[in-house]
Amino acid sequence: MKKISFAADILPMKNLLYRLALRITMNREEAEDIVQDTLIKVWNKRDDWDNIESIEAFSMTVCRNLALDRMKRAEHLNTSLEQENIDSADRSRSPLELMEQRDRVETVRRLGKSNAAVCSSEISKGRATVTSPPSWALRKNRSK
């Protein structure tokens, strides 16, 4: 086995690791964080480098696993606008408030399927004002 050097063998792989993380996360900042975490994990395993057959494969595996873990965590943190979330809402709300919330959720769903021209005509604003239907509806929903 050849002697592995961090600067000569691992650091040149950072672009490969970044592209892999970017392909999985589709987010530049997240991919950069994953590459940093990967390099730290590989560095912390430096005592075991002699036992690793391919440091490149090991690094890519660590990077892939970190990216997938982050994606699962981000997916878990996202909340959906499904019916069970509305029904499990605060029971102290009046029936009128619950009905208004359901209407807002339905508006978000309906506008999410529309294009910007339809949305701009529906809210009586210019097309340039409407960035995307879901963002407009969510912004309106938050303001209430």
# chains A, B, ... in the order shown; residues from 1 in each chain; ligands from 1
$ residues_around --residues "stretch 23-27 of chain A" --least-positions-apart "5" --cutoff "10 Å" --atoms "only C-alpha atoms" --output "PyMOL selection string"
chain A and resi 17-18+32+34+64+67-68+70-71+74
$ atom_distance --atom1 "atom CA of A:Arg46" --atom2 "atom CA of A:Lys14"
16.6 Å
$ residues_around --residues "A:Met13" --least-positions-apart "6" --cutoff "12 Å" --atoms "only C-alpha atoms" --output "list in words"
Phe6, Ala7, Arg19, Leu20, Val35, Gln36, Thr38, Leu39, Val42, Ile55, Glu56, Ala57, Phe58, Ser59, Met60 and Cys63 of chain A
$ closest_residue --among "A:Gln101, A:Ser54, A:Ser94, A:Asn65" --to "A:Ile10" --atoms "only C-alpha atoms"
A:Ser54
